[in-house]
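Participant: Have a peek at model.cif (mmCIF, C-alpha atoms).
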data_input
loop_
_atom_site.group_PDB
_atom_site.id
_atom_site.type_symbol
_atom_site.label_atom_id
_atom_site.label_comp_id
_atom_site.auth_asym_id
_atom_site.auth_seq_id
_atom_site.Cartn_x
_atom_site.Cartn_y
_atom_site.Cartn_z
ATOM 1 C CA MET A 1 -52.720 -16.537 -60.223
ATOM 2 C CA PRO A 2 -49.659 -15.195 -58.307
ATOM 3 C CA VAL A 3 -50.996 -15.725 -54.770
ATOM 4 C CA VAL A 4 -48.708 -14.666 -51.937
ATOM 5 C CA ALA A 5 -50.942 -15.744 -49.069
ATOM 6 C CA ALA A 6 -54.628 -16.542 -48.563
ATOM 7 C CA TYR A 7 -56.099 -17.404 -45.173
ATOM 8 C CA VAL A 8 -59.343 -17.262 -43.225
ATOM 9 C CA TYR A 9 -59.322 -15.615 -39.781
ATOM 10 C CA ARG A 10 -61.662 -15.909 -36.832
ATOM 11 C CA ASN A 11 -61.310 -13.793 -33.675
ATOM 12 C CA GLY A 12 -57.896 -12.623 -34.856
ATOM 13 C CA GLU A 13 -56.563 -16.162 -35.301
ATOM 14 C CA ARG A 14 -55.648 -17.845 -38.567
ATOM 15 C CA ILE A 15 -57.805 -20.950 -38.900
ATOM 16 C CA ARG A 16 -57.209 -22.286 -42.412
ATOM 17 C CA GLU A 17 -55.622 -21.647 -45.786
ATOM 18 C CA ILE A 18 -57.779 -21.100 -48.837
ATOM 19 C CA ASP A 19 -57.326 -21.567 -52.568
ATOM 20 C CA PRO A 20 -58.414 -18.439 -54.492
ATOM 21 C CA LEU A 21 -58.987 -20.591 -57.580
ATOM 22 C CA SER A 22 -61.473 -22.834 -55.785
ATOM 23 C CA PRO A 23 -64.930 -21.327 -55.164
ATOM 24 C CA GLU A 24 -65.670 -23.937 -52.465
ATOM 25 C CA SER A 25 -62.564 -22.913 -50.560
ATOM 26 C CA LEU A 26 -63.709 -19.280 -50.423
ATOM 27 C CA ASP A 27 -66.748 -19.893 -48.234
ATOM 28 C CA VAL A 28 -66.505 -17.757 -45.109
ATOM 29 C CA ALA A 29 -68.695 -17.995 -41.998
ATOM 30 C CA GLU A 30 -70.476 -15.084 -40.326
ATOM 31 C CA HIS A 31 -67.734 -14.218 -37.819
ATOM 32 C CA GLU A 32 -64.815 -14.915 -40.150
ATOM 33 C CA PHE A 33 -63.024 -12.993 -42.879
ATOM 34 C CA ALA A 34 -60.659 -13.958 -45.693
ATOM 35 C CA TRP A 35 -57.450 -12.097 -46.459
ATOM 36 C CA VAL A 36 -56.064 -12.819 -49.924
ATOM 37 C CA GLY A 37 -52.798 -11.303 -51.097
ATOM 38 C CA LEU A 38 -52.032 -11.193 -54.840
ATOM 39 C CA VAL A 39 -49.097 -9.855 -56.833
ATOM 40 C CA GLU A 40 -49.534 -8.495 -60.366
ATOM 41 C CA PRO A 41 -52.452 -10.687 -61.527
ATOM 42 C CA ALA A 42 -53.216 -10.708 -65.218
ATOM 43 C CA VAL A 43 -56.538 -9.755 -66.743
ATOM 44 C CA GLY A 44 -59.050 -12.523 -66.016
ATOM 45 C CA GLU A 45 -57.150 -14.035 -63.087
ATOM 46 C CA LEU A 46 -59.483 -12.329 -60.627
ATOM 47 C CA ALA A 47 -62.557 -13.954 -62.181
ATOM 48 C CA VAL A 48 -63.073 -16.539 -59.414
ATOM 49 C CA LEU A 49 -62.712 -13.954 -56.660
ATOM 50 C CA GLN A 50 -64.909 -11.546 -58.593
ATOM 51 C CA ALA A 51 -67.671 -14.123 -58.910
ATOM 52 C CA ARG A 52 -67.439 -15.289 -55.285
ATOM 53 C CA PHE A 53 -67.306 -11.899 -53.581
ATOM 54 C CA GLY A 54 -69.148 -9.809 -56.168
ATOM 55 C CA LEU A 55 -66.252 -7.494 -57.003
ATOM 56 C CA HIS A 56 -67.293 -4.606 -59.206
ATOM 57 C CA PRO A 57 -66.012 -4.909 -62.810
ATOM 58 C CA LEU A 58 -64.657 -1.338 -62.823
ATOM 59 C CA ALA A 59 -62.723 -1.998 -59.632
ATOM 60 C CA VAL A 60 -61.325 -5.236 -61.056
ATOM 61 C CA GLU A 61 -60.243 -3.397 -64.200
ATOM 62 C CA ASP A 62 -58.499 -0.704 -62.141
ATOM 63 C CA ALA A 63 -56.757 -3.312 -59.989
ATOM 64 C CA THR A 64 -55.294 -5.126 -62.992
ATOM 65 C CA ASN A 65 -54.303 -2.063 -65.035
ATOM 66 C CA ALA A 66 -52.241 -0.495 -62.212
ATOM 67 C CA ARG A 67 -52.298 3.020 -63.648
ATOM 68 C CA GLN A 68 -54.450 4.697 -61.010
ATOM 69 C CA MET A 69 -53.934 7.621 -58.699
ATOM 70 C CA PRO A 70 -54.784 7.073 -55.009
ATOM 71 C CA LYS A 71 -58.529 6.958 -54.526
ATOM 72 C CA VAL A 72 -61.377 5.335 -52.594
ATOM 73 C CA ASP A 73 -64.546 4.138 -54.330
ATOM 74 C CA ILE A 74 -67.725 2.787 -52.793
ATOM 75 C CA TYR A 75 -69.622 -0.028 -54.507
ATOM 76 C CA GLY A 76 -72.675 -0.858 -52.425
ATOM 77 C CA ASP A 77 -71.431 -2.394 -49.178
ATOM 78 C CA ASP A 78 -67.877 -2.753 -50.465
ATOM 79 C CA LEU A 79 -64.867 -0.460 -50.645
ATOM 80 C CA PHE A 80 -62.178 -0.229 -53.278
ATOM 81 C CA VAL A 81 -59.029 1.631 -52.250
ATOM 82 C CA VAL A 82 -55.989 2.392 -54.405
ATOM 83 C CA ALA A 83 -52.717 3.469 -52.747
ATOM 84 C CA ARG A 84 -49.338 4.253 -54.295
ATOM 85 C CA THR A 85 -46.174 2.708 -52.920
ATOM 86 C CA ALA A 86 -42.768 4.346 -53.316
ATOM 87 C CA TYR A 87 -39.121 3.375 -52.962
ATOM 88 C CA LEU A 88 -35.711 4.702 -53.987
ATOM 89 C CA GLU A 89 -34.091 3.107 -57.018
ATOM 90 C CA GLY A 90 -30.901 4.451 -58.537
ATOM 91 C CA GLY A 91 -31.215 7.779 -56.739
ATOM 92 C CA GLU A 92 -34.764 8.344 -57.998
ATOM 93 C CA ILE A 93 -38.179 7.599 -56.529
ATOM 94 C CA ALA A 94 -39.921 4.633 -58.152
ATOM 95 C CA TYR A 95 -43.611 3.967 -57.665
ATOM 96 C CA GLY A 96 -45.853 0.959 -57.356
ATOM 97 C CA GLU A 97 -49.524 0.453 -56.673
ATOM 98 C CA THR A 98 -51.581 -1.491 -54.168
ATOM 99 C CA ALA A 99 -55.290 -1.986 -54.760
ATOM 100 C CA VAL A 100 -57.460 -3.198 -51.886
ATOM 101 C CA PHE A 101 -60.935 -4.732 -52.144
ATOM 102 C CA VAL A 102 -62.762 -4.593 -48.822
ATOM 103 C CA GLY A 103 -66.047 -6.327 -48.046
ATOM 104 C CA PRO A 104 -67.808 -7.358 -44.851
ATOM 105 C CA HIS A 105 -66.051 -10.755 -44.824
ATOM 106 C CA TYR A 106 -63.046 -10.355 -47.096
ATOM 107 C CA ILE A 107 -60.076 -8.155 -47.932
ATOM 108 C CA ILE A 108 -58.065 -8.670 -51.127
ATOM 109 C CA THR A 109 -54.785 -6.848 -51.721
ATOM 110 C CA VAL A 110 -53.365 -6.607 -55.235
ATOM 111 C CA ARG A 111 -49.789 -5.323 -55.485
ATOM 112 C CA HIS A 112 -48.023 -3.997 -58.588
ATOM 113 C CA GLY A 113 -44.388 -2.887 -58.672
ATOM 114 C CA SER A 114 -43.990 -2.728 -54.905
ATOM 115 C CA ALA A 115 -40.546 -3.397 -53.440
ATOM 116 C CA ARG A 116 -41.964 -4.404 -50.050
ATOM 117 C CA GLY A 117 -44.142 -7.465 -49.600
ATOM 118 C CA HIS A 118 -46.897 -7.948 -47.027
ATOM 119 C CA VAL A 119 -45.451 -11.096 -45.462
ATOM 120 C CA GLU A 120 -43.874 -9.181 -42.585
ATOM 121 C CA LEU A 121 -47.039 -7.131 -42.140
ATOM 122 C CA ARG A 122 -49.215 -10.256 -42.004
ATOM 123 C CA GLN A 123 -46.901 -11.854 -39.432
ATOM 124 C CA HIS A 124 -47.009 -8.693 -37.324
ATOM 125 C CA LEU A 125 -50.802 -8.628 -37.356
ATOM 126 C CA GLU A 126 -51.136 -12.339 -36.626
ATOM 127 C CA ALA A 127 -48.913 -11.803 -33.594
ATOM 128 C CA ALA A 128 -51.555 -9.448 -32.145
ATOM 129 C CA PRO A 129 -54.922 -11.295 -32.333
ATOM 130 C CA SER A 130 -56.566 -8.714 -30.050
ATOM 131 C CA GLN A 131 -56.140 -6.140 -32.812
ATOM 132 C CA LEU A 132 -56.655 -8.408 -35.795
ATOM 133 C CA LYS A 133 -60.027 -9.532 -34.427
ATOM 134 C CA HIS A 134 -61.386 -6.069 -35.321
ATOM 135 C CA GLY A 135 -61.657 -7.446 -38.860
ATOM 136 C CA VAL A 136 -61.140 -6.187 -42.384
ATOM 137 C CA ASP A 137 -61.148 -2.473 -41.495
ATOM 138 C CA TYR A 138 -58.191 -2.940 -39.153
ATOM 139 C CA VAL A 139 -56.329 -4.882 -41.853
ATOM 140 C CA LEU A 140 -57.039 -2.045 -44.317
ATOM 141 C CA HIS A 141 -55.595 0.423 -41.803
ATOM 142 C CA ALA A 142 -52.516 -1.770 -41.356
ATOM 143 C CA VAL A 143 -51.924 -2.002 -45.123
ATOM 144 C CA LEU A 144 -52.212 1.767 -45.587
ATOM 145 C CA ASP A 145 -50.017 2.416 -42.548
ATOM 146 C CA PHE A 146 -47.439 -0.022 -43.951
ATOM 147 C CA ILE A 147 -47.408 1.841 -47.265
ATOM 148 C CA VAL A 148 -47.149 5.302 -45.666
ATOM 149 C CA ASP A 149 -44.378 4.160 -43.318
ATOM 150 C CA GLY A 150 -42.388 3.276 -46.434
ATOM 151 C CA TYR A 151 -42.383 6.942 -47.448
ATOM 152 C CA LEU A 152 -40.345 8.188 -44.485
ATOM 153 C CA PRO A 153 -37.062 6.340 -45.288
ATOM 154 C CA ILE A 154 -37.169 7.882 -48.782
ATOM 155 C CA VAL A 155 -37.443 11.387 -47.381
ATOM 156 C CA GLU A 156 -34.761 10.742 -44.754
ATOM 157 C CA GLU A 157 -32.276 9.448 -47.326
ATOM 158 C CA ILE A 158 -32.889 12.427 -49.615
ATOM 159 C CA GLU A 159 -32.573 14.723 -46.588
ATOM 160 C CA GLU A 160 -29.102 13.345 -45.785
ATOM 161 C CA GLU A 161 -28.009 13.922 -49.387
ATOM 162 C CA VAL A 162 -29.388 17.460 -49.379
ATOM 163 C CA LEU A 163 -27.675 18.352 -46.091
ATOM 164 C CA ALA A 164 -24.360 16.996 -47.388
ATOM 165 C CA MET A 165 -24.810 19.079 -50.530
ATOM 166 C CA GLU A 166 -25.592 22.134 -48.422
ATOM 167 C CA ARG A 167 -22.382 21.734 -46.411
ATOM 168 C CA TYR A 168 -20.355 21.324 -49.596
ATOM 169 C CA ALA A 169 -21.921 24.412 -51.199
ATOM 170 C CA LEU A 170 -20.693 26.581 -48.311
ATOM 171 C CA ASP A 171 -17.086 25.484 -48.841
ATOM 172 C CA ALA A 172 -16.713 25.127 -52.606
ATOM 173 C CA PHE A 173 -18.376 25.694 -55.960
ATOM 174 C CA LEU A 174 -21.090 23.241 -56.971
ATOM 175 C CA ASN A 175 -20.118 21.539 -60.204
ATOM 176 C CA ARG A 176 -22.462 20.880 -63.111
ATOM 177 C CA GLU A 177 -23.242 17.349 -61.929
ATOM 178 C CA GLN A 178 -24.245 18.560 -58.463
ATOM 179 C CA ILE A 179 -26.437 21.328 -59.872
ATOM 180 C CA THR A 180 -28.108 18.784 -62.141
ATOM 181 C CA ARG A 181 -28.683 16.587 -59.089
ATOM 182 C CA ILE A 182 -30.368 19.480 -57.265
ATOM 183 C CA PHE A 183 -32.876 19.940 -60.088
ATOM 184 C CA THR A 184 -33.386 16.167 -60.329
ATOM 185 C CA LEU A 185 -34.211 15.957 -56.624
ATOM 186 C CA ARG A 186 -36.572 18.905 -56.877
ATOM 187 C CA ARG A 187 -38.362 17.223 -59.766
ATOM 188 C CA GLU A 188 -38.592 13.937 -57.847
ATOM 189 C CA LEU A 189 -39.978 15.683 -54.770
ATOM 190 C CA MET A 190 -42.562 17.506 -56.873
ATOM 191 C CA ARG A 191 -43.721 14.179 -58.326
ATOM 192 C CA PHE A 192 -43.773 12.678 -54.844
ATOM 193 C CA ARG A 193 -45.883 15.566 -53.565
ATOM 194 C CA ARG A 194 -48.415 14.900 -56.316
ATOM 195 C CA ILE A 195 -48.786 11.391 -54.894
ATOM 196 C CA LEU A 196 -48.953 12.463 -51.255
ATOM 197 C CA GLY A 197 -51.842 14.867 -51.898
ATOM 198 C CA PRO A 198 -54.315 12.213 -53.159
ATOM 199 C CA MET A 199 -53.082 9.741 -50.523
ATOM 200 C CA GLU A 200 -53.844 12.276 -47.810
ATOM 201 C CA GLU A 201 -57.292 12.825 -49.301
ATOM 202 C CA VAL A 202 -58.017 9.076 -49.383
ATOM 203 C CA ILE A 203 -57.101 8.560 -45.734
ATOM 204 C CA SER A 204 -58.925 11.731 -44.711
ATOM 205 C CA ARG A 205 -62.109 10.346 -46.247
ATOM 206 C CA LEU A 206 -61.684 7.127 -44.288
ATOM 207 C CA VAL A 207 -61.310 9.190 -41.107
ATOM 208 C CA HIS A 208 -64.085 11.751 -41.536
ATOM 209 C CA HIS A 209 -66.778 10.020 -43.635
ATOM 210 C CA ASP A 210 -69.047 7.066 -43.029
ATOM 211 C CA MET A 211 -67.710 4.217 -45.112
ATOM 212 C CA PRO A 212 -68.892 0.651 -45.594
ATOM 213 C CA CYS A 213 -66.914 -1.912 -43.571
ATOM 214 C CA ILE A 214 -65.270 0.826 -41.432
ATOM 215 C CA ASP A 215 -66.318 0.743 -37.773
ATOM 216 C CA ALA A 216 -66.226 3.883 -35.658
ATOM 217 C CA GLU A 217 -63.827 2.274 -33.174
ATOM 218 C CA VAL A 218 -61.234 1.725 -35.933
ATOM 219 C CA ARG A 219 -61.293 5.307 -37.256
ATOM 220 C CA PRO A 220 -58.693 6.570 -34.740
ATOM 221 C CA TYR A 221 -56.209 4.151 -36.325
ATOM 222 C CA PHE A 222 -56.757 5.796 -39.714
ATOM 223 C CA ARG A 223 -56.270 9.190 -38.044
ATOM 224 C CA ASP A 224 -52.818 8.026 -36.971
ATOM 225 C CA VAL A 225 -52.008 7.148 -40.605
ATOM 226 C CA LEU A 226 -53.233 10.598 -41.642
ATOM 227 C CA ASP A 227 -50.830 12.210 -39.172
ATOM 228 C CA HIS A 228 -47.963 10.177 -40.624
ATOM 229 C CA ILE A 229 -48.635 11.179 -44.196
ATOM 230 C CA ARG A 230 -49.015 14.850 -43.237
ATOM 231 C CA ARG A 231 -45.649 14.671 -41.536
ATOM 232 C CA VAL A 232 -44.074 13.224 -44.682
ATOM 233 C CA ALA A 233 -45.736 15.910 -46.829
ATOM 234 C CA SER A 234 -44.362 18.614 -44.512
ATOM 235 C CA LEU A 235 -40.854 17.142 -44.760
ATOM 236 C CA VAL A 236 -41.094 17.055 -48.550
ATOM 237 C CA GLU A 237 -42.039 20.735 -48.674
ATOM 238 C CA THR A 238 -39.156 21.578 -46.344
ATOM 239 C CA LEU A 239 -36.699 19.654 -48.509
ATOM 240 C CA ARG A 240 -37.870 21.468 -51.619
ATOM 241 C CA ASP A 241 -37.253 24.791 -49.870
ATOM 242 C CA VAL A 242 -33.811 23.649 -48.698
ATOM 243 C CA LEU A 243 -32.854 22.585 -52.223
ATOM 244 C CA SER A 244 -33.847 26.015 -53.523
ATOM 245 C CA SER A 245 -31.835 27.641 -50.734
ATOM 246 C CA VAL A 246 -28.776 25.509 -51.512
ATOM 247 C CA PHE A 247 -28.850 26.537 -55.153
ATOM 248 C CA GLU A 248 -29.428 30.211 -54.331
ATOM 249 C CA ALA A 249 -26.697 30.226 -51.666
ATOM 250 C CA SER A 250 -24.266 28.560 -54.050
ATOM 251 C CA THR A 251 -25.072 31.145 -56.727
ATOM 252 C CA LEU A 252 -24.625 34.048 -54.306
ATOM 253 C CA LEU A 253 -21.324 32.692 -52.972
ATOM 254 C CA GLU A 254 -20.079 32.165 -56.514
ATOM 255 C CA GLN A 255 -21.024 35.737 -57.416
ATOM 256 C CA GLN A 256 -19.273 36.973 -54.282
ATOM 257 C CA ARG A 257 -16.097 35.056 -55.149
ATOM 258 C CA GLN A 258 -16.204 36.329 -58.711
ATOM 259 C CA GLY A 259 -16.709 39.880 -57.408
ATOM 260 C CA THR A 260 -13.669 39.528 -55.145
ATOM 261 C CA ILE A 261 -11.546 38.288 -58.040
ATOM 262 C CA THR A 262 -12.811 41.108 -60.259
ATOM 263 C CA ARG A 263 -11.911 43.721 -57.629
ATOM 264 C CA ARG A 264 -8.430 42.256 -57.263
ATOM 265 C CA LEU A 265 -7.859 42.317 -61.000
ATOM 266 C CA ALA A 266 -9.114 45.911 -61.165
ATOM 267 C CA ALA A 267 -6.788 46.927 -58.315
ATOM 268 C CA TRP A 268 -3.746 45.352 -59.970
ATOM 269 C CA ALA A 269 -4.702 46.998 -63.254
ATOM 270 C CA ALA A 270 -4.826 50.378 -61.478
ATOM 271 C CA ILE A 271 -1.451 49.757 -59.823
ATOM 272 C CA LEU A 272 0.188 48.708 -63.096
ATOM 273 C CA ALA A 273 -1.309 51.726 -64.865
ATOM 274 C CA VAL A 274 1.087 54.047 -63.006
ATOM 275 C CA PRO A 275 4.391 52.596 -64.292
ATOM 276 C CA THR A 276 2.785 52.072 -67.672
ATOM 277 C CA ALA A 277 1.844 55.758 -67.890
ATOM 278 C CA ILE A 278 5.272 57.006 -66.724
ATOM 279 C CA ALA A 279 7.121 54.621 -69.040
ATOM 280 C CA GLY A 280 4.869 55.704 -71.877
ATOM 281 C CA ILE A 281 5.631 59.376 -71.296
ATOM 282 C CA TYR A 282 9.369 58.808 -71.295
ATOM 283 C CA GLY A 283 9.058 56.695 -74.393
ATOM 284 C CA MET A 284 7.916 59.656 -76.514
ATOM 285 C CA ASN A 285 11.551 60.469 -77.527
ATOM 286 C CA PHE A 286 11.259 64.269 -77.099
ATOM 287 C CA ASP A 287 14.605 66.127 -76.828
ATOM 288 C CA PHE A 288 13.563 68.473 -74.056
ATOM 289 C CA MET A 289 12.041 66.504 -71.164
ATOM 290 C CA PRO A 290 12.619 66.995 -67.409
ATOM 291 C CA GLU A 291 15.484 64.942 -66.028
ATOM 292 C CA LEU A 292 16.088 63.382 -69.445
ATOM 293 C CA ARG A 293 19.822 64.065 -69.458
ATOM 294 C CA TRP A 294 20.280 64.105 -65.718
ATOM 295 C CA ARG A 295 22.730 61.528 -64.321
ATOM 296 C CA TYR A 296 20.246 60.217 -61.745
ATOM 297 C CA GLY A 297 17.058 60.676 -63.772
ATOM 298 C CA TYR A 298 16.517 56.955 -64.372
ATOM 299 C CA PHE A 299 16.784 56.106 -60.680
ATOM 300 C CA LEU A 300 14.461 58.975 -59.787
ATOM 301 C CA VAL A 301 11.769 57.798 -62.222
ATOM 302 C CA VAL A 302 12.037 54.182 -61.077
ATOM 303 C CA GLY A 303 11.865 55.321 -57.451
ATOM 304 C CA VAL A 304 8.751 57.363 -58.125
ATOM 305 C CA ILE A 305 7.141 54.355 -59.845
ATOM 306 C CA VAL A 306 7.920 52.051 -56.917
ATOM 307 C CA LEU A 307 6.712 54.601 -54.365
ATOM 308 C CA LEU A 308 3.413 55.195 -56.138
ATOM 309 C CA CYS A 309 2.832 51.441 -56.614
ATOM 310 C CA ALA A 310 3.535 50.845 -52.910
ATOM 311 C CA ILE A 311 1.068 53.565 -51.885
ATOM 312 C CA LEU A 312 -1.648 52.196 -54.174
ATOM 313 C CA TYR A 313 -1.045 48.617 -53.000
ATOM 314 C CA SER A 314 -1.258 49.587 -49.317
ATOM 315 C CA ARG A 315 -4.526 51.443 -49.936
ATOM 316 C CA PHE A 316 -5.893 48.434 -51.808
ATOM 317 C CA LYS A 317 -5.046 46.098 -48.924
ATOM 318 C CA ARG A 318 -6.626 48.474 -46.393
ATOM 319 C CA ALA A 319 -9.810 48.745 -48.457
ATOM 320 C CA GLN A 320 -9.937 44.954 -48.786
ATOM 321 C CA TRP A 321 -10.095 44.504 -45.012
ATOM 322 C CA LEU A 322 -12.817 47.092 -44.510
#
Once you've parsed the file, please lay out its structure as structure tokens.
Facilitator:
Amino acid sequence: MPVVAAYVYRNGERIREIDPLSPESLDVAEHEFAWVGLVEPAVGELAVLQARFGLHPLAVEDATNARQMPKVDIYGDDLFVVARTAYLEGGEIAYGETAVFVGPHYIITVRHGSARGHVELRQHLEAAPSQLKHGVDYVLHAVLDFIVDGYLPIVEEIEEEVLAMERYALDAFLNREQITRIFTLRRELMRFRRILGPMEEVISRLVHHDMPCIDAEVRPYFRDVLDHIRRVASLVETLRDVLSSVFEASTLLEQQRQGTITRRLAAWAAILAVPTAIAGIYGMNFDFMPELRWRYGYFLVVGVIVLLCAILYSRFKRAQWL
């Protein structure tokens, strides 16, 4: 069994290490609780813990399969909580899963695909015995808070990329790769939002409903986690709106630039139409045409062409500045 750490605590202090494979080692006194941390256990590797603590078979199956959405289930006096972890990998959001068994005298965390371990979290809690002595419900809060805190760096990194893209879109055309990236980020944020919704519901249930192993004095800590996840959800919605705005602004600016180019081409076509028309008339080869055999006829026609082109060009420039 891939055990990360397994200890028994009393009054917020670590008192001894335990062996999850040894039933005798798992005995816990009345005012103690065991915290066992596992990583990606295979089917059947939870059998000893299941037999000792009476873990429900359905919960054990969910914890080993690691294909669950966030949820909280009640089995008698025990809780089973599933949370989804997230981290950035190659510009996309990757997901893991943490299942937590909570009983009156034990808490078992089972991690799958998570990029962040609980070693730092355990050290942080052990450094504050006055908080850890609350028991398994406080540890559950700390695990969920640790997972939710991992969401914010993801959103902040995506936010920096989106803001940089927004600044670029105001100065130049977005290329195909950048437009593809916009739709990729929108898709990733939509998937992320589908995770945040159930996570918010799970924590809300822990805040507002009577749950086994959750004392009333610990509920305010879960409320703090709920505030964090709502903040992340709000940021995700804002980023989705900004991405849509970036794409729309880029499209409008591109249309505006194309319209300016089209107007310029139309103006030059109108200017060039004048000499083209005059040259076409004098290219008809009629014998009797005005100024055809006049000594200065050529210069007069060229002068008229230049004058008309200058007038049209000046009007075009004036209209462009209006």
Participant: If the PyMOL selection byres ((chain A and resi 115) around 10) is run on the structure shown, which residues does it catch, given as a PyMOL selection string?
Facilitator: chain A and resi 85-89+94-96+111-114+116-117+150
Participant: Could you tell me which residues the PyMOL selection byres ((chain A and resi 18) around 10) returns for this structure, as a list in words?
Facilitator: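 Checking the PyMOL selection byres ((chain A and resi 18) around 10) against this file, the residues are Ala5, Ala6, Tyr7, Val8, Ile15, Arg16, Glu17, Asp19, Pro20, Leu21, Ser22, Pro23, Glu24, Ser25, Leu26, Asp27, Ala34, Trp35 and Val36 of chain A.
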Participant: Taking the file as I've supplied it (selection: the PyMOL selection byres ((chain A and resi 64) around 7)), which residues are included? Please answer as a list in words.
Facilitator: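 For this structure, the PyMOL selection byres ((chain A and resi 64) around 7) resolves to Pro41, Ala42, Val43, Val60, Glu61, Asp62, Ala63, Asn65 and Ala66 of chain A.
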Participant: Any idea what the distance is between atom CA of Gly76 of chain A and atom CA of Pro212 of chain A?
Facilitator: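 Atom CA of Pro212 of chain A lies at a distance of 8.0 Å from atom CA of Gly76 of chain A.
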Participant: One number please: atom CA of Val301 of chain A to atom CA of Arg315 of chain A, in Å, one decimal.
Facilitator: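 Result for atom CA of Val301 of chain A versus atom CA of Arg315 of chain A: 21.4 Å, one decimal.
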Participant: Find the spatial neighbours of Ala142 of chain A, counting only C-alpha atoms, within a cut-off of 10 Å - ignore same-chain residues fewer than 2 positions away - and output them as a PyMOL selection string.
Facilitator: chain A and resi 121-122+124-125+132+136-140+144-148+221-222+225
Participant: Just want the 9 Å neighbourhood of segment 175-189 of chain A, counted on only C-alpha atoms, with same-chain residues fewer than 4 positions away dropped. Output as JSON, numbers by chain.
Facilitator: {"A": [91, 92, 93, 155, 158, 162, 165, 193, 194, 236, 237, 239, 240, 243, 244, 246, 247]}
Participant: With C-alpha atoms retained, write the just-selected residues as a PDB file, keeping the file's coordinate frame.
Facilitator:
ATOM      1  CA  GLY A  91     -31.215   7.779 -56.739  1.00  0.00           C
ATOM      2  CA  GLU A  92     -34.764   8.344 -57.998  1.00  0.00           C
ATOM      3  CA  ILE A  93     -38.179   7.599 -56.529  1.00  0.00           C
ATOM      4  CA  VAL A 155     -37.443  11.387 -47.381  1.00  0.00           C
ATOM      5  CA  ILE A 158     -32.889  12.427 -49.615  1.00  0.00           C
ATOM      6  CA  VAL A 162     -29.388  17.460 -49.379  1.00  0.00           C
ATOM      7  CA  MET A 165     -24.810  19.079 -50.530  1.00  0.00           C
ATOM      8  CA  ARG A 193     -45.883  15.566 -53.565  1.00  0.00           C
ATOM      9  CA  ARG A 194     -48.415  14.900 -56.316  1.00  0.00           C
ATOM     10  CA  VAL A 236     -41.094  17.055 -48.550  1.00  0.00           C
ATOM     11  CA  GLU A 237     -42.039  20.735 -48.674  1.00  0.00           C
ATOM     12  CA  LEU A 239     -36.699  19.654 -48.509  1.00  0.00           C
ATOM     13  CA  ARG A 240     -37.870  21.468 -51.619  1.00  0.00           C
ATOM     14  CA  LEU A 243     -32.854  22.585 -52.223  1.00  0.00           C
ATOM     15  CA  SER A 244     -33.847  26.015 -53.523  1.00  0.00           C
ATOM     16  CA  VAL A 246     -28.776  25.509 -51.512  1.00  0.00           C
ATOM     17  CA  PHE A 247     -28.850  26.537 -55.153  1.00  0.00           C
TER      18      PHE A 247
END
Participant: How many Å lie between atom CA of Ser204 of chain A and atom CA of Glu217 of chain A, rounded to one decimal?
Facilitator: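 Atom-to-atom, atom CA of Ser204 of chain A to atom CA of Glu217 of chain A, that is 15.7 Å.
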Participant: Counting all atoms listed in the file, which residue out of A:Asp77, A:Glu120, A:Asp171, A:Glu160 sits closest to Val4 of chain A?
Facilitator: A:Glu120
Participant: Give me, as a PDB file with C-alpha atoms, in the coordinates of the input, all polymer residues having an atom no more than 12 Å from Tyr313 of chain A, counting only C-alpha atoms and skipping those fewer than 5 positions away in the same chain.
Facilitator:
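So the final result, stored in around.pdb, reads:
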ATOM      1  CA  ARG A 264      -8.430  42.256 -57.263  1.00  0.00           C
ATOM      2  CA  ALA A 266      -9.114  45.911 -61.165  1.00  0.00           C
ATOM      3  CA  ALA A 267      -6.788  46.927 -58.315  1.00  0.00           C
ATOM      4  CA  TRP A 268      -3.746  45.352 -59.970  1.00  0.00           C
ATOM      5  CA  ALA A 269      -4.702  46.998 -63.254  1.00  0.00           C
ATOM      6  CA  ALA A 270      -4.826  50.378 -61.478  1.00  0.00           C
ATOM      7  CA  ILE A 271      -1.451  49.757 -59.823  1.00  0.00           C
ATOM      8  CA  LEU A 272       0.188  48.708 -63.096  1.00  0.00           C
ATOM      9  CA  VAL A 274       1.087  54.047 -63.006  1.00  0.00           C
ATOM     10  CA  VAL A 306       7.920  52.051 -56.917  1.00  0.00           C
ATOM     11  CA  LEU A 307       6.712  54.601 -54.365  1.00  0.00           C
ATOM     12  CA  LEU A 308       3.413  55.195 -56.138  1.00  0.00           C
ATOM     13  CA  ARG A 318      -6.626  48.474 -46.393  1.00  0.00           C
ATOM     14  CA  ALA A 319      -9.810  48.745 -48.457  1.00  0.00           C
ATOM     15  CA  GLN A 320      -9.937  44.954 -48.786  1.00  0.00           C
TER      16      GLN A 320
END
Participant: Rank nothing, just name the residue among A:Val202, A:Glu13, A:Arg167, A:Phe33 nearest to Val82 of chain A, using only C-alpha atoms.
Facilitator: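 With only C-alpha atoms as the atom set, the closest residue is A:Val202.
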